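**Q** Below is one structure. I have some questions about it.
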Amino acid sequence: MDQFILNFLKNASEKNFQQLAEQFLPHYFTLISKVGGMISPETLTAIQKALQEGRLTDVVSKIQEVIAAAENAVLEVAVIGESGTGKSSFINALRGLSHVAEEAADVGVVETTKHKTPYQHPKYPKVTFWDLPGTGTPNFLPDTYLDKVGFDNYDFFVIISSSRFTINDARLAQKIKDAGKKFYFVRTKVDSDLFNEEKTKPTTFKKDRVLQQIRDYCLANLSDIGVSEPRIFLISNFDLDRFDFPKLEETLLKEVPCHKRHMFALLLPSISDASIEIKRSFLQEKIWMEALKSAALAFIPCMTFLMGFDLPQQEQCLKGYRSYFGLDDESIEEIAEKLDTPVQDIRGHLKSLDFWSLVKDDSIVAKSINCAEAFCAVKGGPSSSVIQGFKAYNLHSKFLNVVADDAKHLLRKIETVNIA
């Protein structure tokens with residue numbers, strides 16, 4: 001940002017920008033009410049104070065720092081478990097890969113993890129899932145395990161079992177807790193347990209009762225081996241939208257550091273309406289910040305012409321949203337292949353693929369608004385600020401909502417085919 005912009009922002013009207021703060025801030029709190037946002041409470045307080053005092057330089061600076069931290073966040077996830085527990089399947093599911101994909105973690109009935117193995121997310125290279133061996137083997141004893149696997153490198157630990165957790169799991173959990181990091185117990189292959197139970201006891205089978213029995217057994221098992229107040233999540237790696245995976249998503253999002261929540265939310269697979277809404281809310285938060293930054297810069301005369309949201313940027317923005325929700329061209333082709341459906345049949349029902357239909361407006365009202373916008377942009381000041389802030393917010397939100405709705409539509413189609 002050059003010196004002219006800095007000087008103008010410092011001299012902007014305190015009163016006018018305080019009015020802008022009153023319009024934007026209440027909406028932000030509604031965006032983050034469920035799982036928290038990517039702005040720390042301290043930073044949010046600083047932004048709010050800068051808005052109220054009209055210190056535009058600080059507002060823009062703080063927002064740029066938050067966005068840069070979120071976009072450059074590095075996430076390292078450790079997944080621990082014995083062979084055959086579904087550990088590799090869990091990693092593949094979170095990376096959105098099938099077991100036969102070239103970059104998938106090895107899956108097999110024999111031990112495939114004898115040392116720690118990193119698996120980058122295919123879309124988000126700053127996110128790495130580490131496949132770690134189970135504890136208790138001669139090479140990985142509980143007392144030295146964390147040092148051998150490089151404990152300090154991981155943001156949190158997922159301890160996986162497909163039956164019962166062991167005393168070594170309990171010792172490991174305690175060491176992780178003592179070191180001030182988070183761990184989560186995940187019980188996999190719940191779908192197999194339900195299938196087997198129904199097969200052997202068809203007349204008395206009740207799904208909810210069996211799930212509660214599994215949960216109670218795991219909780220008692222962990223309590224017996226010394227884990228106080230254990231949290232256990234029951235999942236199926238092949239049906240992530242069922243059982244406790246949505247609850248695991250929400251828990252992780254609440255507990256990872258603020259600046260890493262955005263990245264983690266984006267990598268979550270769009271497997272349910274709830275997961276799509278979580279992703280939408282995090283992207284909406286970023287839209288809010290970008291709009292606030294646009295509003296601050298629009299105080300400067302003619303700045304909108306230099307840093308406006310033009311058509312190439314709009315098209316790139318829409319493509320980005322499509323990628324986040326798994327609606328990019330490559331993903332659509334993969335889905336069509338899985339469903340044994342022509343690609344054009346899927347593309348024909350997705351509104352987000354037609355960029356021009358979303359931005360084209362030749363009405364007299366639209367042309368009048370564009371003229372008023374240009375006039376205000378030349379003068380700068382509060383009118384330009386409000387117009388540009390709401391324009392950026394509304395246009396980004398329109399793209400986001402169309403893509404999210406398309407993701408839900410495609411999800412319904414996938415569910416229909418799977419049921420059939």
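Chain labels follow the order of the structure tokens: the first chain is A, the next B, and so on; residue numbering restarts at 1 in every chain, and ligands are counted from 1 in their shown order.
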For the helix (DSSP H, G or I) assignment from backbone DSSP, which residues of stretch 29-214 of chain A qualify? Please present them as a ChimeraX atom specification.
**A** /A:29-31,41-52,56-71,87-94,142-149,151-153,167-178,190-200,207-214
**Q** Store the residues picked out above, limited to C-alpha atoms, as an mmCIF file, in the first residue's frame.
**A**
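Just written: out_11.cif:
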```
data_model
loop_
_atom_site.group_PDB
_atom_site.id
_atom_site.type_symbol
_atom_site.label_atom_id
_atom_site.label_comp_id
_atom_site.auth_asym_id
_atom_site.auth_seq_id
_atom_site.Cartn_x
_atom_site.Cartn_y
_atom_site.Cartn_z
ATOM 1 C CA PHE A 29 -21.268 -12.328 14.840
ATOM 2 C CA THR A 30 -24.177 -14.209 13.260
ATOM 3 C CA LEU A 31 -21.769 -15.803 10.763
ATOM 4 C CA PRO A 41 -11.246 -12.441 19.846
ATOM 5 C CA GLU A 42 -8.269 -10.117 20.362
ATOM 6 C CA THR A 43 -7.993 -9.278 16.647
ATOM 7 C CA LEU A 44 -11.745 -8.795 16.311
ATOM 8 C CA THR A 45 -11.707 -6.364 19.233
ATOM 9 C CA ALA A 46 -8.838 -4.465 17.579
ATOM 10 C CA ILE A 47 -10.742 -4.258 14.259
ATOM 11 C CA GLN A 48 -13.890 -3.121 15.992
ATOM 12 C CA LYS A 49 -12.050 -0.401 17.888
ATOM 13 C CA ALA A 50 -10.260 0.768 14.744
ATOM 14 C CA LEU A 51 -13.599 0.962 12.924
ATOM 15 C CA GLN A 52 -15.225 2.970 15.667
ATOM 16 C CA LEU A 56 -8.869 2.845 8.273
ATOM 17 C CA THR A 57 -5.196 1.985 7.924
ATOM 18 C CA ASP A 58 -5.427 -0.343 10.893
ATOM 19 C CA VAL A 59 -8.683 -1.888 9.631
ATOM 20 C CA VAL A 60 -7.210 -2.780 6.238
ATOM 21 C CA SER A 61 -3.950 -3.946 7.790
ATOM 22 C CA LYS A 62 -5.647 -6.223 10.333
ATOM 23 C CA ILE A 63 -7.940 -7.771 7.724
ATOM 24 C CA GLN A 64 -5.038 -8.437 5.372
ATOM 25 C CA GLU A 65 -3.141 -10.105 8.215
ATOM 26 C CA VAL A 66 -6.094 -12.352 9.096
ATOM 27 C CA ILE A 67 -6.716 -13.401 5.485
ATOM 28 C CA ALA A 68 -3.011 -14.050 4.839
ATOM 29 C CA ALA A 69 -2.732 -16.141 8.014
ATOM 30 C CA ALA A 70 -5.793 -18.208 7.032
ATOM 31 C CA GLU A 71 -4.664 -18.766 3.439
ATOM 32 C CA LYS A 87 -6.673 -45.710 9.630
ATOM 33 C CA SER A 88 -5.645 -45.395 5.980
ATOM 34 C CA SER A 89 -9.286 -45.403 4.853
ATOM 35 C CA PHE A 90 -9.945 -42.539 7.257
ATOM 36 C CA ILE A 91 -7.070 -40.533 5.765
ATOM 37 C CA ASN A 92 -8.233 -41.227 2.216
ATOM 38 C CA ALA A 93 -11.796 -40.179 3.061
ATOM 39 C CA LEU A 94 -10.643 -36.839 4.472
ATOM 40 C CA PRO A 142 4.675 -45.692 24.538
ATOM 41 C CA ASP A 143 7.381 -43.962 26.585
ATOM 42 C CA THR A 144 9.381 -42.873 23.530
ATOM 43 C CA TYR A 145 6.625 -42.843 20.914
ATOM 44 C CA LEU A 146 5.965 -39.082 20.778
ATOM 45 C CA ASP A 147 9.643 -38.236 20.469
ATOM 46 C CA LYS A 148 10.128 -40.745 17.642
ATOM 47 C CA VAL A 149 7.198 -39.461 15.573
ATOM 48 C CA PHE A 151 5.271 -34.797 18.476
ATOM 49 C CA ASP A 152 5.696 -31.017 18.201
ATOM 50 C CA ASN A 153 4.934 -31.006 14.467
ATOM 51 C CA ILE A 167 -3.612 -49.492 27.544
ATOM 52 C CA ASN A 168 -0.969 -48.138 25.160
ATOM 53 C CA ASP A 169 -3.621 -45.870 23.593
ATOM 54 C CA ALA A 170 -4.486 -44.577 27.061
ATOM 55 C CA ARG A 171 -0.835 -43.890 27.926
ATOM 56 C CA LEU A 172 -0.343 -42.103 24.635
ATOM 57 C CA ALA A 173 -3.462 -39.990 25.182
ATOM 58 C CA GLN A 174 -2.239 -38.975 28.616
ATOM 59 C CA LYS A 175 1.158 -37.929 27.255
ATOM 60 C CA ILE A 176 -0.534 -35.883 24.534
ATOM 61 C CA LYS A 177 -2.750 -34.225 27.136
ATOM 62 C CA ASP A 178 0.212 -33.505 29.424
ATOM 63 C CA VAL A 190 -19.401 -49.101 12.787
ATOM 64 C CA ASP A 191 -21.243 -49.949 9.559
ATOM 65 C CA SER A 192 -19.715 -53.444 9.602
ATOM 66 C CA ASP A 193 -20.780 -53.945 13.219
ATOM 67 C CA LEU A 194 -24.358 -52.986 12.391
ATOM 68 C CA PHE A 195 -24.423 -55.268 9.359
ATOM 69 C CA ASN A 196 -23.107 -58.226 11.339
ATOM 70 C CA GLU A 197 -25.516 -57.611 14.205
ATOM 71 C CA GLU A 198 -28.506 -57.426 11.897
ATOM 72 C CA LYS A 199 -27.364 -60.531 10.041
ATOM 73 C CA THR A 200 -27.028 -62.603 13.205
ATOM 74 C CA LYS A 207 -29.744 -49.828 15.098
ATOM 75 C CA ASP A 208 -29.873 -47.178 17.821
ATOM 76 C CA ARG A 209 -29.522 -49.760 20.556
ATOM 77 C CA VAL A 210 -26.494 -51.372 18.890
ATOM 78 C CA LEU A 211 -24.829 -47.971 18.403
ATOM 79 C CA GLN A 212 -25.386 -47.135 22.061
ATOM 80 C CA GLN A 213 -23.891 -50.473 23.076
ATOM 81 C CA ILE A 214 -20.787 -49.768 20.978
#
```
**Q** Which residues are near A:Ile346? Cut-off 8 Å, only C-alpha atoms, ignore same chain within fewer than 4 positions. Put them as a list in words.
**A**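 Result of the neighbour search: Ile332, Ala336, Thr341, Pro342, Leu350 and Leu410 of chain A.
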**Q** A:Leu395, A:Ala407, A:Ile39, A:Leu268: which is nearest A:Ala291, counting only C-alpha atoms?
**A**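 For A:Ala291, the nearest of the given residues is A:Leu395.
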**Q** Can you tell me which residues surround stretch 77-85 of chain A at a distance of at most 6 Å, considering only C-alpha atoms, apart from same-chain residues fewer than 5 positions away, and format the answer as number ranges by chain?
**A** A: 109, 111, 129-132, 134, 154-162
**Q** Please produce an output containing N, CA and C atoms for each residue in the selection, written as a tab-separated table (two decimals), in the first residue's frame.
**A**
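New file out27.tsv:
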```tsv
chain	number	residue	atom	x	y	z
A	109	VAL	N	-5.05	-55.64	4.66
A	109	VAL	CA	-5.30	-56.40	5.88
A	109	VAL	C	-4.00	-56.70	6.62
A	111	GLU	N	-0.05	-55.31	7.85
A	111	GLU	CA	0.54	-54.05	8.33
A	111	GLU	C	1.16	-53.29	7.17
A	129	PHE	N	-1.78	-35.12	6.25
A	129	PHE	CA	-2.21	-36.15	7.19
A	129	PHE	C	-1.05	-37.14	7.35
A	130	TRP	N	-0.69	-37.40	8.60
A	130	TRP	CA	0.42	-38.31	8.87
A	130	TRP	C	-0.11	-39.65	9.35
A	131	ASP	N	0.21	-40.68	8.59
A	131	ASP	CA	-0.16	-42.05	8.96
A	131	ASP	C	0.93	-42.58	9.88
A	132	LEU	N	0.58	-42.71	11.17
A	132	LEU	CA	1.57	-43.14	12.16
A	132	LEU	C	1.30	-44.57	12.63
A	134	GLY	N	0.87	-47.82	15.10
A	134	GLY	CA	0.30	-47.95	16.43
A	134	GLY	C	1.40	-48.08	17.47
A	154	TYR	N	2.66	-31.72	15.07
A	154	TYR	CA	1.26	-31.98	14.76
A	154	TYR	C	0.32	-31.04	15.50
A	155	ASP	N	-0.76	-30.67	14.82
A	155	ASP	CA	-1.77	-29.79	15.43
A	155	ASP	C	-2.68	-30.56	16.37
A	156	PHE	N	-3.04	-31.78	16.01
A	156	PHE	CA	-3.83	-32.63	16.90
A	156	PHE	C	-3.67	-34.09	16.47
A	157	PHE	N	-4.16	-34.99	17.33
A	157	PHE	CA	-3.98	-36.43	17.12
A	157	PHE	C	-5.34	-37.12	17.07
A	158	VAL	N	-5.49	-38.03	16.11
A	158	VAL	CA	-6.67	-38.89	16.02
A	158	VAL	C	-6.22	-40.32	16.30
A	159	ILE	N	-6.74	-40.90	17.38
A	159	ILE	CA	-6.38	-42.28	17.76
A	159	ILE	C	-7.52	-43.20	17.35
A	160	ILE	N	-7.20	-44.13	16.46
A	160	ILE	CA	-8.24	-44.95	15.81
A	160	ILE	C	-8.20	-46.40	16.28
A	161	SER	N	-9.40	-46.96	16.44
A	161	SER	CA	-9.54	-48.40	16.71
A	161	SER	C	-10.82	-48.88	16.05
A	162	SER	N	-10.82	-50.15	15.66
A	162	SER	CA	-12.03	-50.74	15.09
A	162	SER	C	-12.69	-51.70	16.07
```
**Q** Kindly indicate which residue among A:Arg95, A:Arg164, A:His115, A:Arg347 lies nearest to A:Phe185, using only C-alpha atoms for the distances.
**A**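 Ranking A:Arg95, A:Arg164, A:His115, A:Arg347 by distance to A:Phe185, first place goes to A:Arg164.
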**Q** Can you measure atom CA of A:Asn401 to atom CA of A:Arg280 for me? One decimal in Å is fine.
**A**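 Separation between atom CA of A:Asn401 and atom CA of A:Arg280: 7.8 Å.
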**Q** Show me, as an NGL selection string, the residues that have an atom within 9 Å of A:Met263 when counting only C-alpha atoms, minus same-chain residues fewer than 5 positions from it.
**A** :A and (70-75 or 124 or 126-127)
**Q** What's around A:Leu292 at 7 Å? Count only C-alpha atoms, leave out sequence neighbours fewer than 4 positions away in its own chain, and write the answer as a PDB file with N, CA and C atoms, in the first residue's frame.
**A**
```
ATOM      1  N   TRP A 288     -17.127 -11.381   4.201  1.00  0.00           N
ATOM      2  CA  TRP A 288     -17.371 -10.236   5.084  1.00  0.00           C
ATOM      3  C   TRP A 288     -16.107  -9.406   5.242  1.00  0.00           C
ATOM      4  N   ALA A 296     -13.366   0.128   3.109  1.00  0.00           N
ATOM      5  CA  ALA A 296     -12.345   1.029   3.647  1.00  0.00           C
ATOM      6  C   ALA A 296     -11.557   1.700   2.531  1.00  0.00           C
ATOM      7  N   GLY A 389     -18.667  -1.648  -0.417  1.00  0.00           N
ATOM      8  CA  GLY A 389     -18.737  -2.701   0.598  1.00  0.00           C
ATOM      9  C   GLY A 389     -19.884  -3.653   0.337  1.00  0.00           C
TER      10      GLY A 389
END
```
**Q** DSSP on the backbone, strand (DSSP E) only: what residues of stretch 169-376 of chain A does that give? Format it as a PyMOL selection string.
**A** chain A and resi 182-187+232-234
**Q** What is the distance between atom CA of A:Gln284 and atom CA of A:Ile335, in Å to one decimal?
**A**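 Answer for the atom CA of A:Gln284 to atom CA of A:Ile335 separation: 26.1 Å.
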**Q** Between atom CA of A:Pro125 and atom CA of A:Glu277, what is the distance in Å, rounded to a tenth?
**A**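 Interatomic distance, atom CA of A:Pro125 to atom CA of A:Glu277: 23.5 Å.
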